[in-house]
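Before any comments, here is the structure.
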Number of protein chains: 2
Amino acid sequence: MGNIMKNKTSCPTWIWYPGDYEIWLGNKMNNRRTERGAFFPPFWKMDSHYVTVEFSKKLHLQKEEEICIAAEGQYNVKLDGKLQFGMPETFKLPAGEHSLNIKVWSQATPPALYIKGETVYTDATWKVTYEDKEWIDESGKASDTSATIYMDAGCWNLDEMSQRPSAFTLARRPERAVSQQNKKEGVLYDFGRETFGFLVLEGLSGKGLVNIYYGESPEEALDTEYGEMLDRIAVDGQQVTDLALNRTSVVVDSYVLENSKAFRYVYVMVDKSVKLDNVSMQYEYLPESYRASFQCDDEELNRIWKVSAYTMHLTTREFFIDGIKRDRWVWSGDAIQSYLMNYYLFFDTETVKRTIWLLRGKDPVTSHTNTIMDYTFYWFISIYDYYMYTGDKHFVSQIYPRMQTMMEYVLGRTNKDGMVEGLTGDWIFVDWADFPMSKQGALTFEQILFCKSLETMNLCADLVGNEEDATKYGKLAVELRAKLLPTFWNEEKQALIHNVEQGRRSEQINKFPNMFAITLGYLDEEQKVSVMKNVMLNEEVLKITTPYMRFYELEAMCGMGYQKQVMKEMKAYWGGMLREGATSFWEKYNPDEHGVQHLAMYGRPYGKSLCHAWGASPIYLLGKYYLGVKPVKGGYEEFEVKPVLGGLKWMEGSVPTPCGDIRVYMDDKIIKVNATCGKGYVYFASGCHQTPEVSTGTLEKVSNGYFRIWMDNAGEISIKY
Amino acid sequence: MGNIMKNKTSCPTWIWYPGDYEIWLGNKMNNRRTERGAFFPPFWKMDSHYVTVEFSKKLHLQKEEEICIAAEGQYNVKLDGKLQFGMPETFKLPAGEHSLNIKVWSQATPPALYIKGETVYTDATWKVTYEDKEWIDESGKASDTSATIYMDAGCWNLDEMSQRPSAFTLARRPERAVSQQNKKEGVLYDFGRETFGFLVLEGLSGKGLVNIYYGESPEEALDTEYGEMLDRIAVDGQQVTDLALNRTSVVVDSYVLENSKAFRYVYVMVDKSVKLDNVSMQYEYLPESYRASFQCDDEELNRIWKVSAYTMHLTTREFFIDGIKRDRWVWSGDAIQSYLMNYYLFFDTETVKRTIWLLRGKDPVTSHTNTIMDYTFYWFISIYDYYMYTGDKHFVSQIYPRMQTMMEYVLGRTNKDGMVEGLTGDWIFVDWADFPMSKQGALTFEQILFCKSLETMNLCADLVGNEEDATKYGKLAVELRAKLLPTFWNEEKQALIHNVEQGRRSEQINKFPNMFAITLGYLDEEQKVSVMKNVMLNEEVLKITTPYMRFYELEAMCGMGYQKQVMKEMKAYWGGMLREGATSFWEKYNPDEHGVQHLAMYGRPYGKSLCHAWGASPIYLLGKYYLGVKPVKGGYEEFEVKPVLGGLKWMEGSVPTPCGDIRVYMDDKIIKVNATCGKGYVYFASGCHQTPEVSTGTLEKVSNGYFRIWMDNAGEISIKY
């Protein structure tokens, strides 16, 4: 996509083997989870970078040029096949046509390279390989029959030589508690809202222990027995030891804990022999611009949007993680929602790409993504989503080989009907549902995601120009699609059943497969209407209690035009969390629960995460289905604006795109749209005016009461409707 | 095998994921190659360790027990599923049945664990996994439907807690030059014989450059333009900078270079402004016991054996490498010969296993071993060899999964006849031959190695109890074997042709396929005799000029009873190198060349390695075909001693086995054999005595002039023959 790639070729930047830095950084991220002072790494295979890679570039120089070279790792420099002495930090390139090859070995951190010259510098146009075959024939000459597979180098925004990739850290700023209270033998500090960072013990002296208990709630912080997060520090004069890490440092003024934590409250108990002046923190964050905005007449909804945005920001770190307190892991099902919310908030494409690389890891594929079958499918689907929002074909072509091997793994595990069932080692997740739900046999839900994944393979194969694959996956998708309704549609109930198990069609109807079938396009209009009535709006169908699946539930309803209903649900559900005191949105919320019940999960009294990325979906719903902005062609080359007030008096906001923002205002009389680039249309239902008045362009009557008007070039349009 | 495994379970030792430490250490080894001061890494994919692994052990404790824990990496400790605080360095295990699980994460070095308690300690009986799936069901409880694949932990001899695997280094001892001579602007030091280690600059001061040129020959050391190895040091008072590594250190007395080198001669040029008192070295070596011995009446042959042994010792380092000067890489074709020589010298099984692990690397297989098709096949074959000499089934079961994936790769690249041909990316090596030889189409040589590899898969599948695989590979081997002679045997010439290319059978006859077919059993007796006459002993067939392929040539001749002929060849060829001044044996030796011609290779005047492992084959030939000792059943459970003087007056020597040595003495009248364990037989041709006299046991007449006598238990036998 235009400006993303342009940006990357206009200045020197650190480069590496695509995906390798992401996997390495992800290992650091995923290994930061702790549980009551114990290290708690993920339970899936963790991959690693290629330890030796070669970077290369063909040069065409008008005149000789001196370059500066920096690398992470031991390296050599080869000009036109001739090795140069040592590891030169500067090197003079002669004028003319030349090949420059630099090989870097680094075991601990990904091999990375930075070159800066007047016209020669490292960027995504460099080639990189991890198994360049240099052929030496018997005469001793290198021959040309090489089978090397070169990739375009990976990079991010580490554009200064001093920004060594292995030294990357998020930003920090100091924050102070808003209040403190003596409680039993300790002090409870309140930082005012959910936050994340490194605790700072100021003015520490004496000899003895400091016990620190973190809490997203005061109950958790004060429960020294069952709280999830704690730290223990031994003080001996200026020597301070983190007892969880067995690491001692010498402290002059303040001691900053090495492990970051999520909390709002901190309960600190200090031995009498220890003096501690104050407790503060270093807030840690990924600097992001809030490119999107949303405002309306409903203050509660405005607050829901703001708290959603804050929830998103807290969980947007080196990668999009699930929640900041507990797992702090990158989970594919969580991540795909973060990506979608991100397109309506930061439009941070780099963090999307990083997360997609990390989730995939390396070959061989030995299990589903995060071990979860559904999460594998979300991974596929997220790539075409990414293309649609960004138009970045280059990324699709880089990741495509790993899509192929991932799909080979899936296809190697289908049953005789070509459907997926949970085999040994597969976790069939779906949702943390409060009702019994079989995970055996062929789940309708999984087949829908599988079919969509095959369709994604077909689309992406097409994007990268792989016709053979496009045909193969297209055929598989068509075959599976043809089986879905005959296998899973219950004629009597006019809805999709839960599963088929040992040849028996289940009687259970739940929302999961039905809402996906609506949104992903597996039902005709009549079926969709039946499903809305019989399932989605049916009070007898069991309720979804995670924001995770409410995302898809409410999306399906919005897609069917139920914005008014969804507005009520949002205010009740997310408003409900706010009324319970939430300063960020939760992993799970059951309005029927009360008090400390809200804190418990996984059989643990404070097991629940109170800041979970999947809690932030109103951002996505409001941007896509109220402001109504979405791409129609990759990268917003063509876009749709279909604003719906859904019961609001007015709303205004902006949605970021790769080349600018689309701003929308709507009240009961006027729609105003302003786009800074691209081509798109506004789609709306007529209000007071039988024939709406438009400031520019030609109105098109689409159907019963619906109109469309094209904005052929970036610009502004105003519609009295 | 008995004592190897017993050893490993009798004391605590550092453990890791099998193969991982080997791959990591191998990366260090393979990345030490330099060329004129430039870093020169291998051109194949380098793998890496799993960064997070879990070690586990089921405990049955009579009473409570305290263990000490050390790990390389961040770790946690879980007792019966409960995570413990921090990273405890000691831990009290309660009496009773328990599960102990320890998870270690380490990016830079392989995760490794050491536990020492009275009855609980780390050894090869621990289990280890890199993707233990912990299942959490919706009630929040861990469930038992785990799909974890556990392996037995890998280990070596790092038995002390202080012997951290990542800190492993070879031994060193100081050595001094035997002479020095002023030459032009510098000084030429002679260390008396081929050696390896770190140069030491003693009494360095002043400011300026020290240029160091290494040579295996004086010509190379003195040729500052074309010598292969050099170092450049900048001195500035006590600050000494290695200019190849950009690394500065502060030197008090002597400066020891960081990079080791191979050399006999060193030519040192020092700026006038720099003072240098003396140059010495630190010899670096793997401590080995010379378990084998060989002596005879021929002093030249004794010297050949000793120089072979020294050549082997120099090239037996962290791994078996090719040569110490140049590649210093682990090559499969070279390594299989080192293993075989090693069985007749050190019997160092650990270095064999390490080398086999490293050569295989990790999945996915993306190319042949070292990119060479033949080298893949040697890798397979070496595993069954290892089993035969050591009886170590446990190792075969550990490596077997990687044999499967390697063979899948090979089988995925066969042609319509089920034969292997070089495809893009495959290097068909065979040998550095001095005559033209096509590498296109199906080479007979490669099919023989492929067939042997399939037979190896069949044998190993059988060893590990995988009947399905045994059947599958057995069938493939039988099918391929049946095609070999019909496809490649030339009736007229009574020999195997070189290849079939585009449907055309080559007219070329060379020794390569023919000698392998003899030794590996692809010809009947009559065919073998024809091949000996028409190929092996035919002066018109082009000569082999590498000790590498002379190994197999002479082995085939020995196998056919041509020990007298081979003795002449050994004395001429290896004796020829000695007469050229060799103090270790060379990569290639063509007796027709003269003077500095012997130093050139690969189009470079000093490209040849003068200390190459494959130069040491007399050790193997003398042990196996003169002393005549070899295993008949795995691990010398049954052995054969078939001594042949081959023109010598007398010989004596010993051959190591897993459980002791087999000593053999023979002159023209007597054969004496002494074995310290196992069951075996002596097989010999009668000499002066029509009916030989034996000290014990029952003589068995095998065939025309040949006798066999069993040594049922370890003991001694004396035969007048």
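Just so we're on the same page: first chain in the structure tokens is A, next is B, and so on; residues restart at 1 for each chain, and ligands are numbered from 1 in the order they show up.
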Tell me, as a PDB file with C-alpha atoms, in the first residue's frame, which residues lie within 7 Å of stretch 670-677 of chain A, counting only C-alpha atoms; anything in the same chain fewer than 3 positions away does not count.
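New file result_16.pdb:
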ATOM      1  CA  CYS A 659      -4.032   8.038   3.352  1.00  0.00           C
ATOM      2  CA  GLY A 660      -5.993  10.260   5.678  1.00  0.00           C
ATOM      3  CA  ASP A 661      -9.148  10.320   7.760  1.00  0.00           C
ATOM      4  CA  ILE A 662     -12.820  10.053   6.914  1.00  0.00           C
ATOM      5  CA  ARG A 663     -14.845  12.374   9.080  1.00  0.00           C
ATOM      6  CA  VAL A 664     -18.567  11.877   9.577  1.00  0.00           C
ATOM      7  CA  TYR A 665     -21.191  14.063  11.222  1.00  0.00           C
ATOM      8  CA  MET A 666     -24.822  13.049  11.476  1.00  0.00           C
ATOM      9  CA  ASP A 667     -27.912  14.335  13.200  1.00  0.00           C
ATOM     10  CA  ASN A 713     -12.440  12.418  -5.199  1.00  0.00           C
ATOM     11  CA  ALA A 714     -11.364  13.236  -1.726  1.00  0.00           C
ATOM     12  CA  GLY A 715     -13.578  16.069  -0.539  1.00  0.00           C
ATOM     13  CA  GLU A 716     -16.600  16.997   1.474  1.00  0.00           C
ATOM     14  CA  ILE A 717     -20.248  16.270   1.068  1.00  0.00           C
ATOM     15  CA  SER A 718     -23.240  17.483   2.966  1.00  0.00           C
ATOM     16  CA  ILE A 719     -26.603  15.766   2.767  1.00  0.00           C
ATOM     17  CA  LYS A 720     -29.945  16.964   4.014  1.00  0.00           C
ATOM     18  CA  TYR A 721     -31.886  13.764   4.242  1.00  0.00           C
TER      19      TYR A 721
END
Chain B residues near chain A (6 Å cut-off, only C-alpha atoms) as a PyMOL selection string: chain B and resi 37-39+43-45+76+85-86+107-108+130-133+140+147+244+364+424-425+602-603
Next, dump the selected residues to file, keeping only C-alpha atoms, as an mmCIF file, in the first residue's frame.
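Okay, out-v3.cif is ready:
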data_model
loop_
_atom_site.group_PDB
_atom_site.id
_atom_site.type_symbol
_atom_site.label_atom_id
_atom_site.label_comp_id
_atom_site.auth_asym_id
_atom_site.auth_seq_id
_atom_site.Cartn_x
_atom_site.Cartn_y
_atom_site.Cartn_z
ATOM 1 C CA GLY B 37 40.454 -11.876 8.667
ATOM 2 C CA ALA B 38 36.867 -12.053 7.428
ATOM 3 C CA PHE B 39 34.145 -13.980 9.224
ATOM 4 C CA PHE B 43 26.161 -21.549 3.576
ATOM 5 C CA TRP B 44 23.439 -23.822 4.847
ATOM 6 C CA LYS B 45 20.567 -23.180 7.206
ATOM 7 C CA ASN B 76 9.924 -21.904 37.431
ATOM 8 C CA PHE B 85 7.507 -18.572 44.220
ATOM 9 C CA GLY B 86 10.439 -17.191 42.254
ATOM 10 C CA GLN B 107 17.039 -17.238 24.233
ATOM 11 C CA ALA B 108 20.793 -16.896 23.968
ATOM 12 C CA TYR B 130 9.161 -28.046 24.082
ATOM 13 C CA GLU B 131 5.428 -27.837 23.727
ATOM 14 C CA ASP B 132 3.826 -29.363 26.724
ATOM 15 C CA LYS B 133 0.173 -28.709 26.323
ATOM 16 C CA GLY B 140 -10.633 -23.729 35.201
ATOM 17 C CA ALA B 147 -0.893 -34.213 23.703
ATOM 18 C CA ALA B 244 39.090 -8.300 12.631
ATOM 19 C CA PRO B 364 11.691 -28.514 8.596
ATOM 20 C CA THR B 424 17.742 -27.404 -7.964
ATOM 21 C CA GLY B 425 19.533 -26.742 -4.714
ATOM 22 C CA TYR B 602 40.184 -24.509 -5.076
ATOM 23 C CA GLY B 603 42.187 -22.267 -7.390
#
Exercise: stretch 199-210 of chain B partners within 7 Å, only C-alpha atoms, chain neighbours under 5 positions left out, as a list in words: Arg232, Ile233, Ala234, Val235, Asp236, Gly237, Gln238, Asp253, Ser254, Tyr255, Val256, Leu257, Met269, Val270, Asp271, Ser273, Val274, Lys275, Leu276, Asp277, Asn278, Val279, Ser280, Met281 and Gln282 of chain B
Residues from last step as file, C-alpha atoms, as a CSV table (one decimal), in the first residue's frame:
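The new file selection_22.csv reads:
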chain,number,residue,atom,x,y,z
B,232,ARG,CA,45.8,-7.8,12.6
B,233,ILE,CA,46.3,-6.3,16.0
B,234,ALA,CA,46.6,-2.6,16.9
B,235,VAL,CA,48.6,-1.8,20.0
B,236,ASP,CA,48.3,1.4,21.9
B,237,GLY,CA,50.1,1.0,25.2
B,238,GLN,CA,48.1,-1.5,27.2
B,253,ASP,CA,51.4,-9.1,30.4
B,254,SER,CA,50.6,-11.3,27.4
B,255,TYR,CA,48.0,-10.8,24.8
B,256,VAL,CA,46.2,-14.0,23.8
B,257,LEU,CA,44.4,-13.8,20.5
B,269,MET,CA,55.5,-8.4,11.2
B,270,VAL,CA,55.6,-5.7,13.9
B,271,ASP,CA,55.7,-1.9,13.3
B,273,SER,CA,57.0,1.6,17.1
B,274,VAL,CA,55.8,-1.6,18.7
B,275,LYS,CA,57.8,-3.9,21.0
B,276,LEU,CA,57.1,-7.6,21.1
B,277,ASP,CA,59.3,-9.9,23.2
B,278,ASN,CA,58.2,-13.3,22.1
B,279,VAL,CA,55.4,-15.3,20.3
B,280,SER,CA,54.1,-18.5,21.8
B,281,MET,CA,50.7,-20.2,21.7
B,282,GLN,CA,48.0,-21.9,23.8
Contacts of A:Pro165 within 12 Å, only C-alpha atoms, excl. fewer than 2 positions in-chain, as JSON, numbers by chain: {"A": [13, 14, 15, 16, 20, 21, 22, 24, 25, 70, 71, 72, 73, 109, 110, 111, 112, 113, 114, 154, 155, 156, 157, 158, 159, 160, 161, 162, 163, 167, 168, 169]}
Residue contacts of stretch 418-421 of chain B (9 Å, only C-alpha atoms) excluding same-chain residues fewer than 2 positions away, as a PyMOL selection string: chain B and resi 373+410-411+413-416+423+426+428+439-443+446-447+450+476+479-480
Which of B:Arg326, B:Glu284, B:Gly521, B:Glu65 sits closest to B:Gly227 [using only C-alpha atoms]: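 Under the stated criterion, the closest residue is B:Arg326.
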Nearby residues (only C-alpha atoms) at most 10 Å from stretch 583-586 of chain A, same-chain spacing under 2 positions excluded, as a VMD selection string: chain A and resid 192 to 195 216 264 303 to 304 306 to 312 314 323 546 to 548 574 577 to 581 588 to 589 598 to 599 608 to 617
Residues of the last selection are to be written out with N, CA and C atoms, as a compact mmCIF listing (two decimals), in the first residue's frame.
# COMPACT_ATOMS: atom_id res chain seq x y z
N GLY A 192 -5.83 5.51 40.87
CA GLY A 192 -6.93 6.25 40.25
C GLY A 192 -7.65 5.52 39.14
N ARG A 193 -6.93 4.73 38.40
CA ARG A 193 -7.56 3.92 37.36
C ARG A 193 -6.62 2.78 36.98
N GLU A 194 -7.15 1.82 36.26
CA GLU A 194 -6.33 0.71 35.76
C GLU A 194 -5.08 1.28 35.10
N THR A 195 -3.93 0.69 35.42
CA THR A 195 -2.70 1.18 34.81
C THR A 195 -1.69 0.05 34.68
N GLU A 216 -6.20 -5.29 40.65
CA GLU A 216 -7.03 -4.49 39.76
C GLU A 216 -8.23 -3.96 40.55
N ARG A 264 -4.47 -1.25 39.62
CA ARG A 264 -4.91 0.09 40.00
C ARG A 264 -4.48 0.34 41.44
N ARG A 303 -18.34 7.95 27.15
CA ARG A 303 -17.44 7.37 28.14
C ARG A 303 -17.08 5.93 27.77
N ILE A 304 -18.05 5.20 27.25
CA ILE A 304 -17.77 3.82 26.80
C ILE A 304 -16.68 3.85 25.72
N LYS A 306 -14.40 6.16 25.27
CA LYS A 306 -13.10 6.56 25.84
C LYS A 306 -12.45 5.45 26.65
N VAL A 307 -13.28 4.75 27.43
CA VAL A 307 -12.72 3.66 28.25
C VAL A 307 -12.31 2.50 27.34
N SER A 308 -13.06 2.30 26.25
CA SER A 308 -12.64 1.29 25.27
C SER A 308 -11.29 1.66 24.68
N ALA A 309 -11.13 2.93 24.33
CA ALA A 309 -9.87 3.36 23.73
C ALA A 309 -8.72 3.19 24.73
N TYR A 310 -8.98 3.48 25.99
CA TYR A 310 -7.94 3.31 27.00
C TYR A 310 -7.61 1.83 27.19
N THR A 311 -8.64 1.01 27.18
CA THR A 311 -8.44 -0.45 27.27
C THR A 311 -7.56 -0.92 26.11
N MET A 312 -7.89 -0.42 24.91
CA MET A 312 -7.11 -0.78 23.74
C MET A 312 -5.66 -0.33 23.89
N LEU A 314 -3.92 0.22 26.60
CA LEU A 314 -3.19 -0.57 27.60
C LEU A 314 -2.80 -1.94 27.05
N GLY A 323 -4.76 -9.42 27.87
CA GLY A 323 -5.06 -8.58 29.01
C GLY A 323 -3.76 -8.25 29.73
N THR A 546 -19.22 -13.05 27.47
CA THR A 546 -17.89 -12.43 27.27
C THR A 546 -18.02 -11.34 26.24
N PRO A 547 -17.32 -10.22 26.47
CA PRO A 547 -17.26 -9.19 25.41
C PRO A 547 -16.68 -9.77 24.13
N TYR A 548 -15.89 -10.84 24.28
CA TYR A 548 -15.25 -11.48 23.14
C TYR A 548 -16.29 -11.91 22.12
N TRP A 574 -21.73 -2.56 28.50
CA TRP A 574 -20.52 -1.79 28.79
C TRP A 574 -20.81 -0.69 29.82
N MET A 577 -20.64 -2.29 33.14
CA MET A 577 -19.29 -2.40 33.71
C MET A 577 -18.87 -1.05 34.30
N LEU A 578 -19.18 0.04 33.57
CA LEU A 578 -18.82 1.37 34.09
C LEU A 578 -19.50 1.61 35.43
N ARG A 579 -20.76 1.21 35.52
CA ARG A 579 -21.48 1.41 36.78
C ARG A 579 -20.91 0.55 37.90
N GLU A 580 -20.25 -0.54 37.53
CA GLU A 580 -19.56 -1.36 38.55
C GLU A 580 -18.20 -0.75 38.90
N GLY A 581 -17.86 0.38 38.29
CA GLY A 581 -16.60 1.06 38.64
C GLY A 581 -15.45 0.79 37.67
N LYS A 588 -14.70 -10.70 31.03
CA LYS A 588 -15.99 -11.37 31.06
C LYS A 588 -16.87 -10.52 31.96
N TYR A 589 -18.14 -10.39 31.61
CA TYR A 589 -19.04 -9.62 32.46
C TYR A 589 -20.41 -10.26 32.38
N HIS A 598 -17.72 -10.55 40.39
CA HIS A 598 -17.19 -10.01 39.15
C HIS A 598 -15.68 -10.20 39.01
N LEU A 599 -15.00 -10.48 40.13
CA LEU A 599 -13.54 -10.58 40.08
C LEU A 599 -13.06 -12.00 39.81
N LYS A 608 -10.05 -13.20 37.11
CA LYS A 608 -10.50 -12.45 35.95
C LYS A 608 -9.60 -11.24 35.67
N SER A 609 -9.43 -10.97 34.39
CA SER A 609 -8.70 -9.78 33.96
C SER A 609 -9.70 -8.64 33.83
N LEU A 610 -9.38 -7.50 34.42
CA LEU A 610 -10.29 -6.35 34.35
C LEU A 610 -9.85 -5.35 33.28
N CYS A 611 -8.87 -5.75 32.50
CA CYS A 611 -8.49 -4.92 31.35
C CYS A 611 -8.15 -5.86 30.22
N HIS A 612 -9.14 -6.15 29.41
CA HIS A 612 -8.98 -7.16 28.37
C HIS A 612 -9.31 -6.54 27.03
N ALA A 613 -8.38 -6.73 26.07
CA ALA A 613 -8.55 -6.09 24.76
C ALA A 613 -9.93 -6.37 24.17
N TRP A 614 -10.39 -7.60 24.31
CA TRP A 614 -11.66 -7.91 23.66
C TRP A 614 -12.84 -7.20 24.34
N GLY A 615 -12.54 -6.49 25.44
CA GLY A 615 -13.58 -5.68 26.07
C GLY A 615 -13.85 -4.37 25.35
N ALA A 616 -13.01 -4.03 24.37
CA ALA A 616 -13.07 -2.68 23.79
C ALA A 616 -13.87 -2.59 22.50
N SER A 617 -14.71 -3.58 22.21
CA SER A 617 -15.34 -3.63 20.88
C SER A 617 -16.24 -2.46 20.51
A:Gly186 environment, 12 Å, only C-alpha atoms, sequence neighbours closer than 6 positions dropped, as an MDAnalysis selection string: chainID A and resid 180 210:213 221:224 266:272 276
Could those residues be written to a file, using N, CA and C atoms, as a PDB file, in the first residue's frame?
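Printed below is part12.pdb as written:
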ATOM      1  N   GLN A 180      -3.690   7.263  49.295  1.00  0.00           N
ATOM      2  CA  GLN A 180      -3.137   6.130  50.028  1.00  0.00           C
ATOM      3  C   GLN A 180      -3.799   6.034  51.381  1.00  0.00           C
ATOM      4  N   VAL A 210      10.230  -6.121  51.780  1.00  0.00           N
ATOM      5  CA  VAL A 210       9.081  -5.345  51.310  1.00  0.00           C
ATOM      6  C   VAL A 210       8.199  -6.301  50.533  1.00  0.00           C
ATOM      7  N   ASN A 211       6.952  -6.457  50.961  1.00  0.00           N
ATOM      8  CA  ASN A 211       6.004  -7.312  50.248  1.00  0.00           C
ATOM      9  C   ASN A 211       5.007  -6.439  49.513  1.00  0.00           C
ATOM     10  N   ILE A 212       4.849  -6.714  48.233  1.00  0.00           N
ATOM     11  CA  ILE A 212       4.005  -5.880  47.381  1.00  0.00           C
ATOM     12  C   ILE A 212       2.902  -6.741  46.785  1.00  0.00           C
ATOM     13  N   TYR A 213       1.663  -6.324  46.973  1.00  0.00           N
ATOM     14  CA  TYR A 213       0.521  -7.058  46.418  1.00  0.00           C
ATOM     15  C   TYR A 213      -0.238  -6.126  45.495  1.00  0.00           C
ATOM     16  N   ALA A 221      -5.858  -6.515  45.919  1.00  0.00           N
ATOM     17  CA  ALA A 221      -4.607  -6.006  46.484  1.00  0.00           C
ATOM     18  C   ALA A 221      -4.484  -6.372  47.955  1.00  0.00           C
ATOM     19  N   LEU A 222      -5.603  -6.348  48.661  1.00  0.00           N
ATOM     20  CA  LEU A 222      -5.561  -6.587  50.110  1.00  0.00           C
ATOM     21  C   LEU A 222      -5.564  -8.069  50.456  1.00  0.00           C
ATOM     22  N   ASP A 223      -5.856  -8.914  49.482  1.00  0.00           N
ATOM     23  CA  ASP A 223      -5.903 -10.350  49.763  1.00  0.00           C
ATOM     24  C   ASP A 223      -4.512 -10.952  49.508  1.00  0.00           C
ATOM     25  N   THR A 224      -3.692 -10.949  50.550  1.00  0.00           N
ATOM     26  CA  THR A 224      -2.296 -11.376  50.388  1.00  0.00           C
ATOM     27  C   THR A 224      -2.187 -12.875  50.120  1.00  0.00           C
ATOM     28  N   VAL A 266      -2.149  -0.924  44.881  1.00  0.00           N
ATOM     29  CA  VAL A 266      -0.980  -1.658  45.347  1.00  0.00           C
ATOM     30  C   VAL A 266      -0.991  -1.623  46.865  1.00  0.00           C
ATOM     31  N   TYR A 267      -0.871  -2.796  47.453  1.00  0.00           N
ATOM     32  CA  TYR A 267      -0.823  -2.894  48.910  1.00  0.00           C
ATOM     33  C   TYR A 267       0.612  -3.251  49.292  1.00  0.00           C
ATOM     34  N   VAL A 268       1.260  -2.395  50.048  1.00  0.00           N
ATOM     35  CA  VAL A 268       2.685  -2.578  50.346  1.00  0.00           C
ATOM     36  C   VAL A 268       2.882  -2.788  51.843  1.00  0.00           C
ATOM     37  N   MET A 269       3.521  -3.904  52.163  1.00  0.00           N
ATOM     38  CA  MET A 269       3.817  -4.204  53.570  1.00  0.00           C
ATOM     39  C   MET A 269       5.327  -4.186  53.735  1.00  0.00           C
ATOM     40  N   VAL A 270       5.773  -3.391  54.698  1.00  0.00           N
ATOM     41  CA  VAL A 270       7.208  -3.179  54.867  1.00  0.00           C
ATOM     42  C   VAL A 270       7.608  -3.618  56.266  1.00  0.00           C
ATOM     43  N   ASP A 271       8.670  -4.391  56.349  1.00  0.00           N
ATOM     44  CA  ASP A 271       9.193  -4.764  57.678  1.00  0.00           C
ATOM     45  C   ASP A 271       9.502  -3.503  58.477  1.00  0.00           C
ATOM     46  N   LYS A 272       9.360  -3.591  59.766  1.00  0.00           N
ATOM     47  CA  LYS A 272       9.604  -2.416  60.622  1.00  0.00           C
ATOM     48  C   LYS A 272      11.025  -1.898  60.476  1.00  0.00           C
ATOM     49  N   LEU A 276      10.591   3.242  53.980  1.00  0.00           N
ATOM     50  CA  LEU A 276      10.163   3.460  52.598  1.00  0.00           C
ATOM     51  C   LEU A 276       9.394   4.775  52.579  1.00  0.00           C
TER      52      LEU A 276
END
